[in-house]
>>> print(open('work_33.pdb').read())   # PDB, C-alpha atoms and all ligand atoms
ATOM      1  CA  MET A  27      88.674 111.620  42.373
ATOM      2  CA  LYS A  28      90.141 114.862  43.667
ATOM      3  CA  VAL A  29      90.865 114.807  47.394
ATOM      4  CA  GLY A  30      91.686 117.563  49.861
ATOM      5  CA  ILE A  31      93.226 116.836  53.254
ATOM      6  CA  ILE A  32      92.749 118.829  56.454
ATOM      7  CA  GLY A  33      95.449 117.689  58.904
ATOM      8  CA  CYS A  34      98.862 116.527  57.697
ATOM      9  CA  GLY A  35      99.804 114.315  60.666
ATOM     10  CA  ALA A  36      99.882 110.534  61.077
ATOM     11  CA  ILE A  37      96.640 109.755  59.227
ATOM     12  CA  GLY A  38      96.926 112.504  56.592
ATOM     13  CA  SER A  39     100.449 111.343  55.705
ATOM     14  CA  VAL A  40      99.412 107.704  55.229
ATOM     15  CA  ILE A  41      96.569 108.806  52.923
ATOM     16  CA  VAL A  42      98.834 111.035  50.821
ATOM     17  CA  LYS A  43     101.485 108.312  50.467
ATOM     18  CA  ALA A  44      98.874 105.679  49.527
ATOM     19  CA  THR A  45      97.330 107.875  46.807
ATOM     20  CA  ARG A  46     100.767 108.577  45.335
ATOM     21  CA  GLU A  47     101.726 104.900  45.265
ATOM     22  CA  GLU A  48      98.403 103.331  44.285
ATOM     23  CA  LYS A  49      96.872 106.214  42.291
ATOM     24  CA  PHE A  50      93.236 105.506  43.305
ATOM     25  CA  ALA A  51      92.754 109.239  43.883
ATOM     26  CA  GLU A  52      94.636 112.497  43.458
ATOM     27  CA  VAL A  53      95.367 114.656  46.488
ATOM     28  CA  VAL A  54      95.030 118.196  45.148
ATOM     29  CA  ALA A  55      95.198 120.308  48.324
ATOM     30  CA  LEU A  56      96.651 120.136  51.822
ATOM     31  CA  PHE A  57      95.736 122.285  54.798
ATOM     32  CA  ASP A  58      97.196 122.196  58.307
ATOM     33  CA  LYS A  59      97.118 124.912  60.954
ATOM     34  CA  ASN A  60     100.836 124.160  61.226
ATOM     35  CA  ILE A  61     101.789 124.980  57.640
ATOM     36  CA  GLU A  62     105.233 123.375  58.029
ATOM     37  CA  LYS A  63     103.521 119.985  58.328
ATOM     38  CA  ALA A  64     101.739 120.532  55.006
ATOM     39  CA  ARG A  65     104.984 121.692  53.373
ATOM     40  CA  ARG A  66     106.887 118.634  54.625
ATOM     41  CA  LEU A  67     104.240 116.324  53.228
ATOM     42  CA  ALA A  68     103.887 118.034  49.838
ATOM     43  CA  LYS A  69     107.585 117.820  48.925
ATOM     44  CA  GLY A  70     107.251 119.451  45.508
ATOM     45  CA  GLU A  71     107.206 116.728  42.901
ATOM     46  CA  PHE A  72     103.526 115.747  43.268
ATOM     47  CA  GLY A  73     102.266 119.308  43.096
ATOM     48  CA  GLU A  74      99.654 119.270  45.882
ATOM     49  CA  PHE A  75      98.509 122.807  46.611
ATOM     50  CA  ILE A  76      99.488 123.963  50.100
ATOM     51  CA  ALA A  77      96.738 126.175  51.473
ATOM     52  CA  GLU A  78      97.757 128.927  53.853
ATOM     53  CA  SER A  79      94.223 129.263  55.209
ATOM     54  CA  PHE A  80      90.961 127.350  55.190
ATOM     55  CA  GLU A  81      89.530 129.965  52.809
ATOM     56  CA  GLU A  82      92.296 129.232  50.316
ATOM     57  CA  PHE A  83      91.820 125.462  50.778
ATOM     58  CA  ILE A  84      88.072 125.489  50.208
ATOM     59  CA  GLY A  85      88.535 127.547  47.039
ATOM     60  CA  ILE A  86      90.122 124.491  45.336
ATOM     61  CA  GLU A  87      87.881 122.128  43.377
ATOM     62  CA  MET A  88      87.646 118.823  45.292
ATOM     63  CA  ASP A  89      85.315 115.801  45.290
ATOM     64  CA  VAL A  90      86.105 114.658  48.829
ATOM     65  CA  VAL A  91      87.703 116.415  51.778
ATOM     66  CA  VAL A  92      89.275 114.253  54.488
ATOM     67  CA  GLU A  93      89.311 115.696  58.000
ATOM     68  CA  ALA A  94      92.277 114.066  59.746
ATOM     69  CA  ALA A  95      92.981 116.909  62.167
ATOM     70  CA  SER A  96      91.024 117.267  65.418
ATOM     71  CA  GLN A  97      87.553 117.531  66.909
ATOM     72  CA  GLN A  98      87.954 121.293  66.751
ATOM     73  CA  ALA A  99      88.484 121.058  62.977
ATOM     74  CA  VAL A 100      85.200 119.146  62.599
ATOM     75  CA  LYS A 101      83.397 121.903  64.506
ATOM     76  CA  LEU A 102      85.049 124.670  62.515
ATOM     77  CA  TYR A 103      84.981 123.287  58.976
ATOM     78  CA  ALA A 104      82.516 120.405  58.448
ATOM     79  CA  GLU A 105      79.545 122.488  57.354
ATOM     80  CA  ARG A 106      81.682 124.771  55.173
ATOM     81  CA  VAL A 107      83.233 121.744  53.456
ATOM     82  CA  LEU A 108      79.819 120.227  52.717
ATOM     83  CA  GLU A 109      78.857 123.304  50.680
ATOM     84  CA  LYS A 110      81.588 122.302  48.221
ATOM     85  CA  ALA A 111      82.400 118.582  48.583
ATOM     86  CA  ASN A 112      81.740 115.265  50.295
ATOM     87  CA  LEU A 113      83.408 114.864  53.666
ATOM     88  CA  MET A 114      85.244 112.082  55.462
ATOM     89  CA  ILE A 115      85.558 112.587  59.219
ATOM     90  CA  MET A 116      88.317 110.835  61.194
ATOM     91  CA  SER A 117      87.741 112.718  64.473
ATOM     92  CA  VAL A 118      84.458 110.838  64.892
ATOM     93  CA  GLY A 119      84.485 111.653  68.612
ATOM     94  CA  ALA A 120      83.326 115.197  67.734
ATOM     95  CA  LEU A 121      79.938 113.695  66.907
ATOM     96  CA  VAL A 122      79.197 112.960  70.565
ATOM     97  CA  ASP A 123      77.889 116.509  70.294
ATOM     98  CA  SER A 124      74.433 115.662  68.940
ATOM     99  CA  GLU A 125      73.759 119.273  67.888
ATOM    100  CA  LEU A 126      76.883 119.239  65.721
ATOM    101  CA  LEU A 127      75.873 115.880  64.231
ATOM    102  CA  GLU A 128      72.443 117.290  63.360
ATOM    103  CA  ARG A 129      73.962 120.393  61.759
ATOM    104  CA  ILE A 130      76.271 118.204  59.670
ATOM    105  CA  GLU A 131      73.352 115.989  58.590
ATOM    106  CA  ARG A 132      71.326 119.062  57.617
ATOM    107  CA  ALA A 133      74.208 120.557  55.603
ATOM    108  CA  ALA A 134      74.815 117.230  53.806
ATOM    109  CA  GLU A 135      71.140 117.066  52.881
ATOM    110  CA  LYS A 136      70.959 120.702  51.795
ATOM    111  CA  TYR A 137      73.960 120.426  49.460
ATOM    112  CA  GLY A 138      73.390 116.795  48.391
ATOM    113  CA  ARG A 139      76.665 115.524  49.883
ATOM    114  CA  LYS A 140      77.821 112.394  51.665
ATOM    115  CA  VAL A 141      79.633 112.150  54.981
ATOM    116  CA  TYR A 142      81.906 109.129  55.474
ATOM    117  CA  LEU A 143      82.838 107.889  58.959
ATOM    118  CA  PRO A 144      85.466 105.149  58.574
ATOM    119  CA  SER A 145      85.602 102.284  61.079
ATOM    120  CA  GLY A 146      88.975 103.652  62.192
ATOM    121  CA  ALA A 147      90.724 101.710  64.917
ATOM    122  CA  VAL A 148      87.930  99.227  65.612
ATOM    123  CA  ALA A 149      86.545  96.149  63.849
ATOM    124  CA  GLY A 150      82.974  94.846  63.842
ATOM    125  CA  LEU A 151      81.073  97.986  62.765
ATOM    126  CA  ASP A 152      79.961  96.297  59.532
ATOM    127  CA  ALA A 153      77.970  93.693  61.500
ATOM    128  CA  LEU A 154      76.900  96.119  64.194
ATOM    129  CA  LYS A 155      75.301  98.558  61.764
ATOM    130  CA  SER A 156      73.324  95.699  60.161
ATOM    131  CA  VAL A 157      71.725  94.729  63.458
ATOM    132  CA  LYS A 158      70.576  98.101  64.777
ATOM    133  CA  SER A 159      68.229  96.139  67.050
ATOM    134  CA  ALA A 160      71.036  94.756  69.255
ATOM    135  CA  GLU A 161      69.806  94.318  72.819
ATOM    136  CA  GLU A 162      73.232  94.914  74.256
ATOM    137  CA  VAL A 163      76.507  96.355  72.937
ATOM    138  CA  VAL A 164      79.603  96.341  75.131
ATOM    139  CA  LEU A 165      82.931  97.857  74.107
ATOM    140  CA  THR A 166      85.843  96.705  76.250
ATOM    141  CA  THR A 167      89.056  98.654  75.765
ATOM    142  CA  ARG A 168      92.345  97.435  77.231
ATOM    143  CA  LYS A 169      95.285  99.834  77.267
ATOM    144  CA  ASN A 170      98.551 100.349  79.072
ATOM    145  CA  PRO A 171      97.887 102.944  81.828
ATOM    146  CA  ILE A 172     100.499 105.182  80.143
ATOM    147  CA  SER A 173      98.156 105.495  77.134
ATOM    148  CA  LEU A 174      95.339 106.597  79.431
ATOM    149  CA  LYS A 175      97.388 109.194  81.328
ATOM    150  CA  GLY A 176      95.878 112.662  81.473
ATOM    151  CA  ALA A 177      92.290 111.324  81.426
ATOM    152  CA  PRO A 178      90.000 113.351  83.756
ATOM    153  CA  PHE A 179      88.965 110.002  85.345
ATOM    154  CA  PHE A 180      92.226 109.774  87.331
ATOM    155  CA  GLU A 181      91.862 113.191  88.923
ATOM    156  CA  ILE A 182      88.178 112.670  89.731
ATOM    157  CA  GLU A 183      88.796 109.241  91.316
ATOM    158  CA  GLY A 184      92.137 110.192  92.919
ATOM    159  CA  ILE A 185      93.958 107.327  91.150
ATOM    160  CA  ASN A 186      97.574 107.630  89.981
ATOM    161  CA  PRO A 187      97.979 105.759  86.655
ATOM    162  CA  ASP A 188     101.702 105.209  87.434
ATOM    163  CA  GLU A 189     100.726 103.115  90.448
ATOM    164  CA  ILE A 190      98.589 100.595  88.541
ATOM    165  CA  SER A 191     100.640  97.403  88.770
ATOM    166  CA  GLU A 192      98.173  94.771  87.517
ATOM    167  CA  GLU A 193      95.190  94.434  85.189
ATOM    168  CA  THR A 194      92.498  96.732  86.644
ATOM    169  CA  LEU A 195      88.923  97.460  85.555
ATOM    170  CA  LEU A 196      88.848 101.266  85.846
ATOM    171  CA  PHE A 197      85.460 102.118  84.462
ATOM    172  CA  GLU A 198      82.166 100.585  83.440
ATOM    173  CA  GLY A 199      79.301 102.766  82.249
ATOM    174  CA  SER A 200      77.639 104.355  79.216
ATOM    175  CA  ALA A 201      79.639 105.452  76.165
ATOM    176  CA  ARG A 202      78.495 109.006  76.881
ATOM    177  CA  GLN A 203      80.093 108.936  80.354
ATOM    178  CA  ALA A 204      83.162 107.119  79.024
ATOM    179  CA  VAL A 205      84.073 109.730  76.420
ATOM    180  CA  LYS A 206      83.981 112.463  79.072
ATOM    181  CA  LEU A 207      86.182 110.545  81.526
ATOM    182  CA  PHE A 208      88.518 109.006  78.898
ATOM    183  CA  PRO A 209      88.764 111.350  75.900
ATOM    184  CA  GLN A 210      91.581 109.103  74.540
ATOM    185  CA  ASN A 211      88.919 106.518  73.784
ATOM    186  CA  VAL A 212      86.481 108.903  72.194
ATOM    187  CA  ASN A 213      86.794 107.944  68.509
ATOM    188  CA  VAL A 214      86.293 104.237  69.041
ATOM    189  CA  ALA A 215      83.435 104.687  71.542
ATOM    190  CA  ALA A 216      81.756 107.171  69.164
ATOM    191  CA  ALA A 217      82.103 104.907  66.113
ATOM    192  CA  VAL A 218      80.662 101.915  67.994
ATOM    193  CA  SER A 219      77.801 104.022  69.407
ATOM    194  CA  LEU A 220      76.897 105.575  66.056
ATOM    195  CA  ALA A 221      77.000 102.230  64.243
ATOM    196  CA  GLY A 222      74.912 100.512  66.905
ATOM    197  CA  ILE A 223      72.511 101.623  69.604
ATOM    198  CA  GLY A 224      73.738 105.114  70.511
ATOM    199  CA  PHE A 225      75.831 106.769  73.227
ATOM    200  CA  ASP A 226      73.443 106.130  76.126
ATOM    201  CA  LYS A 227      72.737 102.424  75.563
ATOM    202  CA  THR A 228      76.254 101.366  74.505
ATOM    203  CA  ARG A 229      78.236 100.123  77.542
ATOM    204  CA  VAL A 230      81.969 100.787  77.780
ATOM    205  CA  ARG A 231      84.528  99.061  79.997
ATOM    206  CA  ILE A 232      88.035 100.476  80.318
ATOM    207  CA  ILE A 233      90.755  98.158  81.588
ATOM    208  CA  ALA A 234      94.303  99.308  82.370
ATOM    209  CA  ASP A 235      97.003  96.641  81.996
ATOM    210  CA  PRO A 236     100.657  97.620  82.539
ATOM    211  CA  GLU A 237     101.816  94.522  80.601
ATOM    212  CA  LEU A 238     100.194  95.702  77.346
ATOM    213  CA  LYS A 239     102.081  97.264  74.419
ATOM    214  CA  THR A 240      99.053  97.436  72.104
ATOM    215  CA  ASN A 241      95.513  98.862  72.400
ATOM    216  CA  ILE A 242      92.839  96.165  72.390
ATOM    217  CA  HIS A 243      89.184  96.891  71.586
ATOM    218  CA  GLU A 244      86.570  94.184  71.933
ATOM    219  CA  VAL A 245      83.052  94.799  70.629
ATOM    220  CA  ARG A 246      80.464  92.338  71.918
ATOM    221  CA  ALA A 247      76.829  92.603  70.817
ATOM    222  CA  ARG A 248      73.831  90.382  71.513
ATOM    223  CA  GLY A 249      70.337  90.263  70.058
ATOM    224  CA  ALA A 250      67.822  88.283  68.002
ATOM    225  CA  PHE A 251      70.558  87.843  65.340
ATOM    226  CA  GLY A 252      72.809  85.951  67.755
ATOM    227  CA  GLU A 253      76.100  87.315  69.036
ATOM    228  CA  ILE A 254      78.961  89.358  67.579
ATOM    229  CA  VAL A 255      82.416  89.378  69.124
ATOM    230  CA  ALA A 256      85.081  91.414  67.308
ATOM    231  CA  THR A 257      88.510  92.016  68.783
ATOM    232  CA  THR A 258      91.132  94.398  67.411
ATOM    233  CA  ASN A 259      94.694  94.341  68.717
ATOM    234  CA  ASN A 260      96.160  97.620  67.482
ATOM    235  CA  VAL A 261      99.787  98.633  67.027
ATOM    236  CA  PRO A 262     100.437 102.384  67.278
ATOM    237  CA  SER A 263     101.183 104.321  64.098
ATOM    238  CA  PRO A 264     104.907 105.132  63.780
ATOM    239  CA  GLN A 265     104.256 108.893  63.490
ATOM    240  CA  ASN A 266     101.755 109.310  66.344
ATOM    241  CA  PRO A 267     101.653 106.633  69.083
ATOM    242  CA  LYS A 268      98.206 107.847  70.158
ATOM    243  CA  THR A 269      96.807 106.806  66.779
ATOM    244  CA  SER A 270      96.449 103.148  65.837
ATOM    245  CA  TYR A 271      97.956 102.345  62.456
ATOM    246  CA  LEU A 272      94.702 100.565  61.528
ATOM    247  CA  ALA A 273      92.854 103.914  61.723
ATOM    248  CA  ALA A 274      94.988 105.339  58.906
ATOM    249  CA  LEU A 275      94.582 102.170  56.832
ATOM    250  CA  SER A 276      90.825 102.354  57.361
ATOM    251  CA  ALA A 277      90.804 105.936  56.034
ATOM    252  CA  VAL A 278      92.642 104.815  52.889
ATOM    253  CA  ARG A 279      90.202 101.924  52.372
ATOM    254  CA  THR A 280      87.179 104.214  52.738
ATOM    255  CA  LEU A 281      88.554 106.513  50.042
ATOM    256  CA  LYS A 282      89.143 103.539  47.746
ATOM    257  CA  ASN A 283      85.556 102.332  48.312
ATOM    258  CA  ILE A 284      84.193 105.666  47.075
ATOM    259  CA  GLY A 285      85.765 105.149  43.668
ATOM    260  CA  GLN A 286      85.091 101.424  43.313
ATOM    261  CA  ARG A 287      82.435  99.616  41.264
ATOM    262  CA  ILE A 288      82.327  96.605  43.578
ATOM    263  CA  VAL A 289      82.290  97.478  47.265
ATOM    264  CA  ILE A 290      82.974  94.605  49.648
ATOM    265  CA  GLY A 291      81.420  94.518  53.090
ATOM    266  CA  THR A 292      78.314  96.095  54.544
TER     267      THR A 292
HETATM  268  N1  LIG B   1      88.398 107.223  63.945
HETATM  269  C1  LIG B   1      89.406 106.658  64.602
HETATM  270  O1  LIG B   1      89.378 105.480  64.991
HETATM  271  C2  LIG B   1      90.627 107.477  64.890
HETATM  272  C3  LIG B   1      91.817 106.849  65.247
HETATM  273  C4  LIG B   1      92.933 107.628  65.460
HETATM  274  C5  LIG B   1      92.856 109.008  65.375
HETATM  275  N2  LIG B   1      91.680 109.592  65.078
HETATM  276  C6  LIG B   1      91.551 111.059  65.026
HETATM  277  O2  LIG B   1      91.984 111.545  63.774
HETATM  278  C7  LIG B   1      92.564 112.837  63.950
HETATM  279  C8  LIG B   1      93.948 112.860  63.302
HETATM  280  O3  LIG B   1      94.771 111.898  63.922
HETATM  281  P1  LIG B   1      96.359 111.909  63.656
HETATM  282  O4  LIG B   1      96.946 110.778  64.426
HETATM  283  O5  LIG B   1      96.637 112.021  62.196
HETATM  284  O6  LIG B   1      96.760 113.264  64.394
HETATM  285  P2  LIG B   1      98.143 114.087  64.287
HETATM  286  O7  LIG B   1      98.256 114.857  65.555
HETATM  287  O8  LIG B   1      99.266 113.206  63.884
HETATM  288  O9  LIG B   1      97.855 115.108  63.093
HETATM  289  C9  LIG B   1      96.815 116.056  63.135
HETATM  290  C10 LIG B   1      97.222 117.262  62.305
HETATM  291  O10 LIG B   1      96.087 118.119  62.180
HETATM  292  C11 LIG B   1      96.474 119.469  62.415
HETATM  293  N3  LIG B   1      95.310 120.184  62.951
HETATM  294  C12 LIG B   1      94.733 120.024  64.180
HETATM  295  N4  LIG B   1      93.685 120.857  64.310
HETATM  296  C13 LIG B   1      93.588 121.569  63.149
HETATM  297  C14 LIG B   1      92.720 122.578  62.693
HETATM  298  N5  LIG B   1      91.724 123.067  63.464
HETATM  299  N6  LIG B   1      92.911 123.072  61.450
HETATM  300  C15 LIG B   1      93.916 122.618  60.664
HETATM  301  N7  LIG B   1      94.792 121.662  61.048
HETATM  302  C16 LIG B   1      94.626 121.131  62.284
HETATM  303  C17 LIG B   1      97.637 119.386  63.381
HETATM  304  O11 LIG B   1      98.490 120.533  63.257
HETATM  305  C18 LIG B   1      98.339 118.091  62.960
HETATM  306  O12 LIG B   1      99.362 118.314  62.003
HETATM  307  C19 LIG B   1      92.588 113.112  65.462
HETATM  308  O13 LIG B   1      91.500 113.924  65.842
HETATM  309  C20 LIG B   1      92.424 111.742  66.060
HETATM  310  O14 LIG B   1      91.770 111.769  67.330
HETATM  311  C21 LIG B   1      90.572 108.857  64.799
END
>>> encode(input="work_33.pdb", output="structure tokens")
Amino acid sequence: MKVGIIGCGAIGSVIVKATREEKFAEVVALFDKNIEKARRLAKGEFGEFIAESFEEFIGIEMDVVVEAASQQAVKLYAERVLEKANLMIMSVGALVDSELLERIERAAEKYGRKVYLPSGAVAGLDALKSVKSAEEVVLTTRKNPISLKGAPFFEIEGINPDEISEETLLFEGSARQAVKLFPQNVNVAAAVSLAGIGFDKTRVRIIADPELKTNIHEVRARGAFGEIVATTNNVPSPQNPKTSYLAALSAVRTLKNIGQRIVIGT
């Protein structure tokens, strides 16, 4: 399996290292808007092609392209990629934009491609996507207020994140509202919404806790099937503290699944 990577940061680097060590796929091309990042990752001996532009990148023959860059990259490149290869999207939050999601679906259908959205930093999507009929899905995210800094919520509500001294429920509402007020939570809220009952019906609670060193996501769903409770306690990735290490591992696993005869899990 020939793989191309857009975005040579925390997630891209883990994927490249895993393919070199475990040889389940061959990374043939790297593209990053900061070409130095691609150069640092390629380091000669493995011979990955370093593309200077997207045009150069997409000219390489690839089976799967992994977007591990940004929401902007999904907007700019997803449809172009699908003309040539299957696509794995890490910046799942971009798909809050339902028009973009529709365009991507149409391009995948037109060119006979697949689009993979890994579970990323959250557990429980396997069960959630089996029970589309859930009556209620609640995602509760607990983070240190430092990790939430810069969110538009604080300015709108006139709250200073530095002054939060104890566990505080900041927000409760739909996933659609949550991703606008807390863009830092967008990938997890989007993945849970897409796997389950959508952005408007999925409820999100954001809790700030100054004692926390990890990011905790709890998915709770109820319905005729019973109840699902899945909690993930995430350590940050060493290269980018905003990204949970599990997200990179999930990307690697999704790539491995593509090439495997026996695929475990739903
Ligand atoms: N699905 C999940 O659960 C999950 C979890 C963590 C991160 N993410 C998302 O995955 C993406 C990558 O995360 P990361 O931690 O590796 O980020 P990172 O900042 O470490 O690396 C991203 C790299 O992509 C490059 N890049 C950004 N926009 C680009 C563009 N338009 N064209 C080409 N290159 C571009 C940057 O220069 C950077 O080197 C982010 O969008 C992040 O939000 C998803």
>>> resolve_selection(input="work_33.pdb", expression="the PyMOL selection byres (((not hetatm)) within 8 of (chain B and resi 1))", output="PyMOL selection string")
chain A and resi 32-39+57-61+63-64+80+93-100+102+115-119+143-148+210+212-214+217+263+265-274
>>> resolve_selection(input="work_33.pdb", expression="the PyMOL selection byres (((chain A and resi 201) around 6) and not hetatm)", output="ChimeraX atom specification")
/A:200,202-204,225,228-230
>>> closest_residue(input="work_33.pdb", among="A:Pro209, A:Gly199, A:Gly150, A:Gly138", to="Ser173 (chain A)", atoms="all atoms listed in the file")
A:Pro209
>>> closest_atom_pairs(input="work_33.pdb", of="region 113-197 of chain A", to="region 240-249 of chain A", cutoff="8 Å", atoms="all atoms listed in the file", output="JSON lines")
{"residue": "A:Val148", "atom": "CA", "partner": "A:His243", "partner_atom": "CA", "distance": 6.5}
{"residue": "A:Ala149", "atom": "CA", "partner": "A:Val245", "partner_atom": "CA", "distance": 7.7}
{"residue": "A:Gly150", "atom": "CA", "partner": "A:Val245", "partner_atom": "CA", "distance": 6.8}
{"residue": "A:Leu154", "atom": "CA", "partner": "A:Ala247", "partner_atom": "CA", "distance": 7.5}
{"residue": "A:Ser159", "atom": "CA", "partner": "A:Gly249", "partner_atom": "CA", "distance": 6.9}
{"residue": "A:Ala160", "atom": "CA", "partner": "A:Gly249", "partner_atom": "CA", "distance": 4.6}
{"residue": "A:Glu161", "atom": "CA", "partner": "A:Gly249", "partner_atom": "CA", "distance": 4.9}
{"residue": "A:Glu162", "atom": "CA", "partner": "A:Arg248", "partner_atom": "CA", "distance": 5.3}
{"residue": "A:Val163", "atom": "CA", "partner": "A:Ala247", "partner_atom": "CA", "distance": 4.3}
{"residue": "A:Val164", "atom": "CA", "partner": "A:Arg246", "partner_atom": "CA", "distance": 5.2}
{"residue": "A:Leu165", "atom": "CA", "partner": "A:Val245", "partner_atom": "CA", "distance": 4.6}
{"residue": "A:Thr166", "atom": "CA", "partner": "A:Glu244", "partner_atom": "CA", "distance": 5.1}
{"residue": "A:Thr167", "atom": "CA", "partner": "A:His243", "partner_atom": "CA", "distance": 4.5}
{"residue": "A:Arg168", "atom": "CA", "partner": "A:Ile242", "partner_atom": "CA", "distance": 5.0}
{"residue": "A:Lys169", "atom": "CA", "partner": "A:Asn241", "partner_atom": "CA", "distance": 5.0}
{"residue": "A:Asn170", "atom": "CA", "partner": "A:Asn241", "partner_atom": "CA", "distance": 7.5}
>>> residues_around(input="work_33.pdb", residues="region 44-56 of chain A", least_positions_apart="5", cutoff="12 Å", atoms="only C-alpha atoms", output="PyMOL selection string")
chain A and resi 27-35+37-39+61-69+71-80+82-95+274-286
>>> atom_distance(input="work_33.pdb", atom1="CA of Val42 (chain A)", atom2="CA of Leu113 (chain A)")
16.1 Å
>>> resolve_selection(input="work_33.pdb", expression="the PyMOL selection byres (((chain A and resi 190) around 10) and not hetatm)", output="ChimeraX atom specification")
/A:170-172,185-189,191-194,234-236
>>> atom_distance(input="work_33.pdb", atom1="CA of Asn112 (chain A)", atom2="CA of Val141 (chain A)")
6.0 Å
>>> atom_distance(input="work_33.pdb", atom1="CA of Lys175 (chain A)", atom2="CA of Ala256 (chain A)")
25.8 Å
>>> axis_aligned_box(input="work_33.pdb", around="region 180-188 of chain A", padding_each_side="3 Å", output="JSON")
{"center_x": 94.9, "center_y": 109.2, "center_z": 89.8, "size_x": 19.5, "size_y": 14.0, "size_z": 12.3}
>>> closest_residue(input="work_33.pdb", among="A:Ile232, A:Val122, A:Val255, A:Leu195", to="Asn211 (chain A)", atoms="only C-alpha atoms")
A:Ile232
>>> decode(input="work_33.pdb", residues="region 93-108 of chain A", atoms="N, CA and C atoms", output="tab-separated table (two decimals), in the first residue's frame")
chain	number	residue	atom	x	y	z
A	93	GLU	N	-4.60	12.94	5.43
A	93	GLU	CA	-4.59	14.37	5.81
A	93	GLU	C	-4.35	14.42	7.31
A	94	ALA	N	-3.20	14.94	7.71
A	94	ALA	CA	-2.90	15.13	9.14
A	94	ALA	C	-2.35	16.55	9.27
A	95	ALA	N	-3.13	17.51	8.76
A	95	ALA	CA	-2.63	18.89	8.64
A	95	ALA	C	-3.52	19.89	9.37
A	96	SER	N	-4.70	20.16	8.83
A	96	SER	CA	-5.56	21.20	9.39
A	96	SER	C	-6.92	21.13	8.69
A	97	GLN	N	-7.89	21.81	9.29
A	97	GLN	CA	-9.22	21.87	8.65
A	97	GLN	C	-9.11	22.54	7.28
A	98	GLN	N	-8.23	23.54	7.22
A	98	GLN	CA	-8.05	24.25	5.94
A	98	GLN	C	-7.59	23.28	4.85
A	99	ALA	N	-6.70	22.36	5.23
A	99	ALA	CA	-6.18	21.39	4.26
A	99	ALA	C	-7.31	20.48	3.74
A	100	VAL	N	-8.25	20.14	4.61
A	100	VAL	CA	-9.38	19.30	4.17
A	100	VAL	C	-10.17	20.07	3.12
A	101	LYS	N	-10.41	21.36	3.41
A	101	LYS	CA	-11.19	22.18	2.47
A	101	LYS	C	-10.46	22.31	1.13
A	102	LEU	N	-9.16	22.52	1.21
A	102	LEU	CA	-8.39	22.78	-0.01
A	102	LEU	C	-8.17	21.52	-0.86
A	103	TYR	N	-7.92	20.37	-0.20
A	103	TYR	CA	-7.37	19.24	-0.96
A	103	TYR	C	-8.25	17.99	-1.04
A	104	ALA	N	-9.26	17.86	-0.17
A	104	ALA	CA	-9.97	16.56	-0.09
A	104	ALA	C	-10.50	16.11	-1.45
A	105	GLU	N	-11.21	17.00	-2.13
A	105	GLU	CA	-11.82	16.57	-3.40
A	105	GLU	C	-10.76	16.25	-4.45
A	106	ARG	N	-9.70	17.05	-4.46
A	106	ARG	CA	-8.61	16.79	-5.44
A	106	ARG	C	-7.95	15.44	-5.17
A	107	VAL	N	-7.77	15.12	-3.89
A	107	VAL	CA	-7.15	13.83	-3.53
A	107	VAL	C	-8.02	12.69	-4.04
A	108	LEU	N	-9.34	12.82	-3.83
A	108	LEU	CA	-10.25	11.71	-4.16
A	108	LEU	C	-10.27	11.38	-5.66
